[in-house]
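File shown: input.tsv (TSV, C-alpha atoms).
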```tsv
chain	number	residue	atom	x	y	z
A	1	MET	CA	26.31	-8.99	-5.35
A	2	HIS	CA	25.55	-12.55	-4.19
A	3	ILE	CA	22.14	-13.21	-2.56
A	4	ALA	CA	23.78	-13.92	0.81
A	5	GLN	CA	25.79	-10.68	0.64
A	6	LEU	CA	22.73	-8.71	-0.43
A	7	SER	CA	20.71	-10.08	2.47
A	8	ALA	CA	23.45	-9.25	4.98
A	9	ALA	CA	23.78	-5.72	3.61
A	10	ILE	CA	20.01	-5.13	3.87
A	11	LYS	CA	19.99	-6.23	7.50
A	12	LYS	CA	22.73	-3.68	8.17
A	13	GLY	CA	20.52	-0.95	6.73
A	14	ASP	CA	22.43	-0.53	3.46
A	15	ARG	CA	20.14	1.67	1.35
A	16	ALA	CA	21.81	0.77	-1.96
A	17	ALA	CA	21.35	-2.92	-1.21
A	18	LEU	CA	17.73	-2.28	-0.26
A	19	ALA	CA	17.09	-0.48	-3.55
A	20	ARG	CA	18.71	-3.32	-5.49
A	21	ALA	CA	16.65	-5.91	-3.63
A	22	ILE	CA	13.34	-4.18	-4.34
A	23	SER	CA	14.28	-3.96	-8.03
A	24	LEU	CA	14.98	-7.69	-7.87
A	25	ALA	CA	11.52	-8.27	-6.39
A	26	GLU	CA	9.96	-6.30	-9.25
A	27	ASN	CA	11.95	-7.83	-12.08
A	28	ASP	CA	13.31	-11.27	-11.15
A	29	PRO	CA	10.85	-13.35	-9.08
A	30	SER	CA	13.08	-16.44	-8.88
A	31	LYS	CA	16.07	-14.60	-7.41
A	32	ALA	CA	13.75	-12.53	-5.23
A	33	SER	CA	12.30	-15.72	-3.74
A	34	ALA	CA	15.76	-16.92	-2.77
A	35	LEU	CA	16.53	-13.54	-1.22
A	36	MET	CA	13.31	-13.43	0.79
A	37	LYS	CA	14.13	-16.79	2.40
A	38	ARG	CA	17.34	-15.27	3.74
A	39	VAL	CA	15.82	-11.92	4.72
A	40	GLY	CA	13.19	-13.51	6.95
A	41	ASN	CA	9.49	-13.02	7.61
A	42	GLY	CA	9.62	-9.46	8.92
A	43	GLY	CA	6.79	-8.24	11.14
A	44	LYS	CA	8.78	-5.72	13.20
A	45	ALA	CA	7.80	-2.54	11.33
A	46	PHE	CA	4.35	-0.99	11.69
A	47	VAL	CA	2.72	-0.69	8.25
A	48	LEU	CA	0.32	2.20	7.73
A	49	GLY	CA	-1.67	2.16	4.49
A	50	VAL	CA	-2.74	5.47	2.98
A	51	THR	CA	-5.46	5.14	0.37
A	52	GLY	CA	-8.36	6.96	-1.22
A	53	PRO	CA	-9.53	8.43	-4.54
A	54	PRO	CA	-7.15	10.39	-6.78
A	55	GLY	CA	-6.67	14.07	-6.05
A	56	THR	CA	-7.36	13.93	-2.33
A	57	GLY	CA	-3.83	14.98	-1.35
A	58	LYS	CA	-2.50	11.63	-0.16
A	59	SER	CA	1.10	12.41	-1.13
A	60	THR	CA	1.07	15.78	0.61
A	61	LEU	CA	-0.32	14.09	3.71
A	62	VAL	CA	2.36	11.38	3.58
A	63	ASP	CA	4.99	14.11	3.27
A	64	ARG	CA	3.72	15.74	6.47
A	65	LEU	CA	3.52	12.39	8.25
A	66	ILE	CA	7.16	11.71	7.41
A	67	GLU	CA	8.11	15.04	8.97
A	68	SER	CA	6.12	14.38	12.15
A	69	LEU	CA	7.27	10.78	12.58
A	70	ARG	CA	10.92	11.78	12.13
A	71	ALA	CA	10.43	14.41	14.84
A	72	LYS	CA	9.60	11.48	17.13
A	73	GLY	CA	12.88	9.80	16.20
A	74	LEU	CA	11.30	7.04	14.11
A	75	ARG	CA	12.94	5.66	10.98
A	76	VAL	CA	10.40	5.94	8.16
A	77	GLY	CA	10.10	3.90	4.98
A	78	VAL	CA	7.70	4.94	2.22
A	79	ILE	CA	6.45	2.70	-0.56
A	80	ALA	CA	4.44	4.69	-3.08
A	81	VAL	CA	2.68	2.49	-5.60
A	82	ASP	CA	2.35	4.62	-8.72
A	83	PRO	CA	0.49	4.12	-12.01
A	84	THR	CA	2.53	2.34	-14.64
A	85	SER	CA	3.95	4.29	-17.56
A	86	PRO	CA	2.40	2.97	-20.79
A	87	LEU	CA	5.74	3.60	-22.56
A	88	THR	CA	8.36	2.21	-20.21
A	89	GLY	CA	6.40	0.00	-17.84
A	90	GLY	CA	7.98	1.90	-14.95
A	91	ALA	CA	6.38	4.07	-12.28
A	92	LEU	CA	5.25	7.61	-12.94
A	93	LEU	CA	7.22	9.12	-10.08
A	94	GLY	CA	4.86	11.87	-8.97
A	95	ASP	CA	4.76	10.70	-5.36
A	96	ARG	CA	8.53	10.58	-4.95
A	97	ILE	CA	8.94	14.03	-6.51
A	98	ARG	CA	6.63	15.55	-3.88
A	99	MET	CA	8.78	14.11	-1.09
A	100	THR	CA	12.21	15.15	-2.34
A	101	ARG	CA	12.88	17.35	0.70
A	102	HIS	CA	13.37	14.16	2.75
A	103	THR	CA	15.85	12.48	0.41
A	104	GLY	CA	18.87	13.78	2.35
A	105	ASP	CA	17.64	12.18	5.57
A	106	ARG	CA	19.32	8.79	5.98
A	107	SER	CA	16.51	7.69	8.28
A	108	VAL	CA	13.93	8.08	5.52
A	109	TYR	CA	13.71	5.69	2.59
A	110	ILE	CA	11.29	6.47	-0.26
A	111	ARG	CA	10.60	4.05	-3.07
A	112	SER	CA	8.11	4.38	-5.93
A	113	MET	CA	6.90	1.16	-7.48
A	114	ALA	CA	4.87	0.64	-10.64
A	115	SER	CA	1.47	-0.98	-10.20
A	116	ARG	CA	1.88	-2.78	-13.57
A	117	GLY	CA	-1.84	-3.37	-13.81
A	118	TRP	CA	-2.13	-5.04	-10.41
A	119	SER	CA	-5.66	-4.48	-9.19
A	120	GLY	CA	-6.31	-2.98	-5.79
A	121	GLY	CA	-3.65	-0.29	-6.00
A	122	LEU	CA	-0.75	-2.58	-5.10
A	123	SER	CA	2.06	-3.96	-7.20
A	124	MET	CA	2.94	-7.66	-7.27
A	125	ALA	CA	6.17	-6.99	-5.43
A	126	THR	CA	4.65	-4.81	-2.69
A	127	ALA	CA	4.52	-7.58	-0.10
A	128	GLN	CA	8.20	-8.37	-0.66
A	129	ALA	CA	9.15	-4.68	-0.61
A	130	ILE	CA	7.48	-4.30	2.78
A	131	ARG	CA	9.49	-7.23	4.17
A	132	LEU	CA	12.71	-5.81	2.73
A	133	VAL	CA	12.18	-2.33	4.20
A	134	ASP	CA	11.25	-3.99	7.48
A	135	ALA	CA	14.46	-6.05	7.41
A	136	ALA	CA	16.48	-2.87	6.85
A	137	GLY	CA	15.42	-1.67	10.29
A	138	PHE	CA	12.75	0.95	9.61
A	139	ASP	CA	10.22	1.47	12.41
A	140	ILE	CA	7.21	2.43	10.33
A	141	ILE	CA	6.34	1.91	6.67
A	142	LEU	CA	3.90	4.24	4.93
A	143	LEU	CA	2.25	2.43	2.03
A	144	GLU	CA	0.58	4.86	-0.35
A	145	THR	CA	-1.52	3.28	-3.09
A	146	VAL	CA	-2.26	4.44	-6.60
A	147	GLY	CA	-5.58	5.93	-5.62
A	148	ILE	CA	-7.81	4.13	-8.05
A	149	GLY	CA	-10.98	4.39	-6.01
A	150	GLN	CA	-13.18	1.58	-4.77
A	151	SER	CA	-10.88	-1.27	-5.82
A	152	ASP	CA	-8.08	0.36	-3.83
A	153	ILE	CA	-8.89	-1.78	-0.79
A	154	GLU	CA	-6.28	-4.53	-1.01
A	155	VAL	CA	-4.01	-2.16	0.90
A	156	VAL	CA	-5.87	-3.37	4.00
A	157	GLY	CA	-4.41	-6.83	3.73
A	158	VAL	CA	-0.76	-5.87	4.06
A	159	SER	CA	-1.25	-2.96	6.49
A	160	HIS	CA	-1.70	-2.94	10.25
A	161	ALA	CA	-3.86	0.16	9.92
A	162	VAL	CA	-5.34	2.17	7.03
A	163	LEU	CA	-5.93	5.88	6.57
A	164	VAL	CA	-8.69	6.58	4.06
A	165	VAL	CA	-8.17	10.07	2.64
A	166	LEU	CA	-11.16	11.93	1.20
A	167	MET	CA	-11.89	15.55	0.39
A	168	PRO	CA	-14.89	17.78	-0.31
A	169	GLY	CA	-15.92	18.35	-3.89
A	170	LEU	CA	-15.20	14.95	-5.44
A	171	GLY	CA	-18.78	13.80	-5.73
A	172	ASP	CA	-19.08	13.56	-1.96
A	173	ASP	CA	-22.51	11.95	-1.74
A	174	VAL	CA	-21.49	9.12	-4.05
A	175	GLN	CA	-17.99	8.89	-2.63
A	176	ILE	CA	-19.00	8.32	0.98
A	177	SER	CA	-22.06	6.16	0.37
A	178	LYS	CA	-20.22	3.32	-1.38
A	179	ALA	CA	-18.90	0.23	0.37
A	180	GLY	CA	-15.28	-0.80	-0.15
A	181	LEU	CA	-13.25	2.19	0.97
A	182	MET	CA	-15.85	3.11	3.56
A	183	GLU	CA	-15.49	-0.28	5.22
A	184	VAL	CA	-11.73	-0.67	5.44
A	185	GLY	CA	-10.46	2.42	7.20
A	186	ASP	CA	-9.12	2.59	10.73
A	187	VAL	CA	-8.98	6.39	10.48
A	188	TYR	CA	-10.85	8.60	7.99
A	189	VAL	CA	-9.26	11.87	6.95
A	190	VAL	CA	-11.21	14.69	5.31
A	191	ASN	CA	-8.28	16.52	3.76
A	192	LYS	CA	-8.21	20.10	2.41
A	193	ALA	CA	-10.23	21.22	5.41
A	194	ASP	CA	-10.37	24.81	4.18
A	195	LEU	CA	-12.63	23.84	1.27
A	196	GLU	CA	-16.35	24.44	1.45
A	197	GLY	CA	-18.24	21.35	2.53
A	198	ALA	CA	-15.55	19.85	4.77
A	199	ASP	CA	-17.64	20.04	7.95
A	200	ARG	CA	-20.65	18.56	6.17
A	201	MET	CA	-18.54	15.70	4.87
A	202	VAL	CA	-17.29	14.84	8.37
A	203	VAL	CA	-20.89	14.70	9.61
A	204	ASP	CA	-21.97	12.55	6.66
A	205	ILE	CA	-19.13	10.07	7.20
A	206	LEU	CA	-19.85	9.85	10.93
A	207	SER	CA	-23.50	9.12	10.16
A	208	LEU	CA	-22.45	6.01	8.24
A	209	PHE	CA	-20.97	4.47	11.38
A	210	GLN	CA	-23.64	5.41	13.91
A	211	ARG	CA	-25.47	2.09	13.79
A	212	GLY	CA	-22.50	-0.22	13.61
A	213	ARG	CA	-19.80	-1.31	16.01
A	214	HIS	CA	-17.09	0.02	13.69
A	215	ARG	CA	-16.70	3.69	14.69
A	216	PRO	CA	-13.31	4.90	13.50
A	217	PRO	CA	-12.06	8.45	14.03
A	218	VAL	CA	-13.13	10.92	11.33
A	219	LEU	CA	-10.74	13.85	11.28
A	220	LYS	CA	-10.70	17.14	9.38
A	221	VAL	CA	-7.15	17.88	8.23
A	222	SER	CA	-5.28	20.29	6.02
A	223	ALA	CA	-2.04	18.62	4.98
A	224	ARG	CA	-0.74	21.88	3.54
A	225	SER	CA	-1.33	24.09	6.57
A	226	GLY	CA	-0.93	21.42	9.24
A	227	GLU	CA	-4.44	21.87	10.65
A	228	GLY	CA	-5.62	18.71	12.38
A	229	LEU	CA	-2.33	16.86	12.03
A	230	GLU	CA	-1.82	16.51	15.79
A	231	LYS	CA	-5.14	14.69	16.16
A	232	LEU	CA	-4.27	12.44	13.23
A	233	LEU	CA	-0.89	11.59	14.74
A	234	ARG	CA	-2.51	10.75	18.08
A	235	SER	CA	-4.83	8.31	16.31
A	236	VAL	CA	-1.90	6.70	14.48
A	237	ASP	CA	0.18	6.59	17.69
A	238	GLU	CA	-2.65	4.85	19.52
A	239	ILE	CA	-2.85	2.05	16.93
A	240	ARG	CA	0.92	1.75	16.59
A	241	GLY	CA	1.19	1.62	20.39
A	242	ARG	CA	-1.01	-1.47	20.42
A	243	PHE	CA	1.15	-3.03	17.69
A	244	VAL	CA	4.38	-2.34	19.61
A	245	ALA	CA	2.80	-3.74	22.76
A	246	GLY	CA	2.21	-7.02	20.94
A	247	ASP	CA	-1.47	-6.84	19.97
A	248	GLU	CA	-1.93	-10.28	18.38
A	249	ALA	CA	-4.84	-9.30	16.12
A	250	LEU	CA	-2.87	-6.45	14.56
A	251	ARG	CA	0.23	-8.56	14.02
A	252	LEU	CA	-1.72	-11.44	12.50
A	253	ARG	CA	-3.56	-9.00	10.22
A	254	GLY	CA	-0.30	-7.90	8.60
A	255	ILE	CA	1.20	-11.39	8.40
A	256	ARG	CA	-1.95	-12.85	6.87
A	257	GLY	CA	-2.02	-10.13	4.23
A	258	ILE	CA	1.63	-10.65	3.31
A	259	ILE	CA	0.99	-14.39	2.88
A	260	VAL	CA	-2.07	-13.80	0.66
A	261	GLU	CA	-0.35	-11.22	-1.55
A	262	THR	CA	2.75	-13.40	-1.91
A	263	ALA	CA	0.62	-16.38	-2.93
A	264	ARG	CA	-1.37	-14.27	-5.36
A	265	GLY	CA	1.78	-12.91	-6.97
A	266	ALA	CA	3.21	-16.40	-7.34
A	267	ALA	CA	-0.01	-17.67	-8.91
A	268	LEU	CA	-0.09	-14.82	-11.43
A	269	ALA	CA	3.56	-15.36	-12.28
A	270	ARG	CA	2.85	-19.02	-13.01
A	271	PHE	CA	-0.16	-18.10	-15.11
A	272	ALA	CA	1.84	-15.54	-17.09
A	273	ALA	CA	4.34	-18.27	-17.92
A	274	VAL	CA	1.72	-20.26	-19.83
A	275	SER	CA	2.91	-20.57	-23.41
A	276	GLU	CA	1.20	-18.53	-26.10
A	277	ALA	CA	1.11	-21.69	-28.18
A	278	LYS	CA	-1.26	-23.30	-25.68
A	279	ALA	CA	-3.51	-20.26	-25.74
A	280	ASP	CA	-3.49	-20.33	-29.54
A	281	ARG	CA	-4.48	-24.01	-29.62
A	282	LEU	CA	-7.36	-23.36	-27.26
A	283	ALA	CA	-8.45	-20.37	-29.34
A	284	ARG	CA	-8.66	-22.59	-32.42
A	285	LEU	CA	-10.77	-25.12	-30.53
A	286	VAL	CA	-13.15	-22.39	-29.40
A	287	ALA	CA	-13.30	-20.90	-32.90
A	288	GLY	CA	-14.18	-24.36	-34.24
A	289	GLU	CA	-16.89	-24.66	-31.58
A	290	LYS	CA	-15.28	-27.82	-30.22
A	291	ILE	CA	-15.10	-26.43	-26.69
A	292	THR	CA	-16.64	-23.49	-24.87
A	293	VAL	CA	-14.79	-20.40	-23.66
A	294	GLU	CA	-15.28	-21.61	-20.09
A	295	GLU	CA	-13.70	-24.98	-20.91
A	296	ALA	CA	-10.79	-23.26	-22.63
A	297	ALA	CA	-10.22	-20.98	-19.66
A	298	ALA	CA	-10.26	-23.97	-17.30
A	299	ARG	CA	-7.65	-25.76	-19.41
A	300	LEU	CA	-5.48	-22.67	-19.58
A	301	ALA	CA	-5.61	-22.25	-15.81
A	302	ALA	CA	-4.95	-25.95	-15.10
```

Rendering of file as structure tokens:
Amino acid sequence: MHIAQLSAAIKKGDRAALARAISLAENDPSKASALMKRVGNGGKAFVLGVTGPPGTGKSTLVDRLIESLRAKGLRVGVIAVDPTSPLTGGALLGDRIRMTRHTGDRSVYIRSMASRGWSGGLSMATAQAIRLVDAAGFDIILLETVGIGQSDIEVVGVSHAVLVVLMPGLGDDVQISKAGLMEVGDVYVVNKADLEGADRMVVDILSLFQRGRHRPPVLKVSARSGEGLEKLLRSVDEIRGRFVAGDEALRLRGIRGIIVETARGAALARFAAVSEAKADRLARLVAGEKITVEEAAARLAA
């Protein structure tokens, strides 16, 4: 399909075209760039990041959010950034498998993407995927990251709001005392509320925000049973309501993040294109003590 045809099909909500376009973003940066110019800048869909350490139940929570958002009549896109398979380079599709009950709903689009070593829990093509799902007419995009812990904070840049999902029993004292994740959330979710220590964890998280101006909601939730989901949805609705009403700070936050991630991806792509021969020549110069490692790195990056 020609780029112009693909763009037109995406704007009509064609799911097959959308899938093809995201694959293009992952595998063919030059063609993807041409497509993105036709698709446009996006900015109509509300992007909700869902992040946090592994094992906290993020995918189960996303599954319940899909259900609740669909009940409100919203079209929901999900981008689940999964760890990369060491054998195929593709995504390990655990997140998509958990959400299979929604696959028959034409107003839900779920896509797993491989992180491919991209730090921060996002893949290089995530920013483009968000714009593509936006262009296809979805109202809200749930962006679930790999869940790699403290470096999982780049999700903030491309999201209008971020849910940080935690749970009791994962080294709570260490988990909630670190910076990074504990500075980026708009809503904090203590999932698996039936576990011992959930109430204590809520209190401990709240204590971190007592002295500062940043006092986000801290909610105890059980994604499996549904406990606390109504409060969580109210918090999400409140932020999304500001976005829909035209809150400039929220809109600029998402646009700025998309620009930064697009630039970063382009820079890495250029760097990856550096010939191995050049790297070999520099290695010989370093081995012969003619230049330092720092000088070699500067030449390689130039």

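When all atoms listed in the file are used to compute distances to Ala17 of chain A, the closest of the residues A:His2, A:Val158, A:Ala273, A:Gly73 turns out to be A:His2.
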
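Of the residues under consideration (A:Ile239, A:Val81, A:Val47, A:Leu132), A:Val81 shows the shortest atom-to-atom contact distance to Ser112 of chain A when counting only C-alpha atoms.
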
- Tell me which of A:Leu69, A:Val108, A:Ala45, A:Ala129 sits closest to Ser23 of chain A, counting all atoms listed in the file.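 Of A:Leu69, A:Val108, A:Ala45, A:Ala129, the one nearest Ser23 of chain A is A:Ala129, counting all atoms listed in the file.
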
- Note on the structure: Between atom CA of His102 of chain A and atom CA of Leu229 of chain A lies a distance of 18.4 Å

- With only C-alpha atoms counted, which protein, DNA or RNA residues have an atom no more than 12 Å from (20.4, -11.8, 7.8) in the file frame? Please answer as a ChimeraX atom specification. /A:3-13,35-42,132,135-137
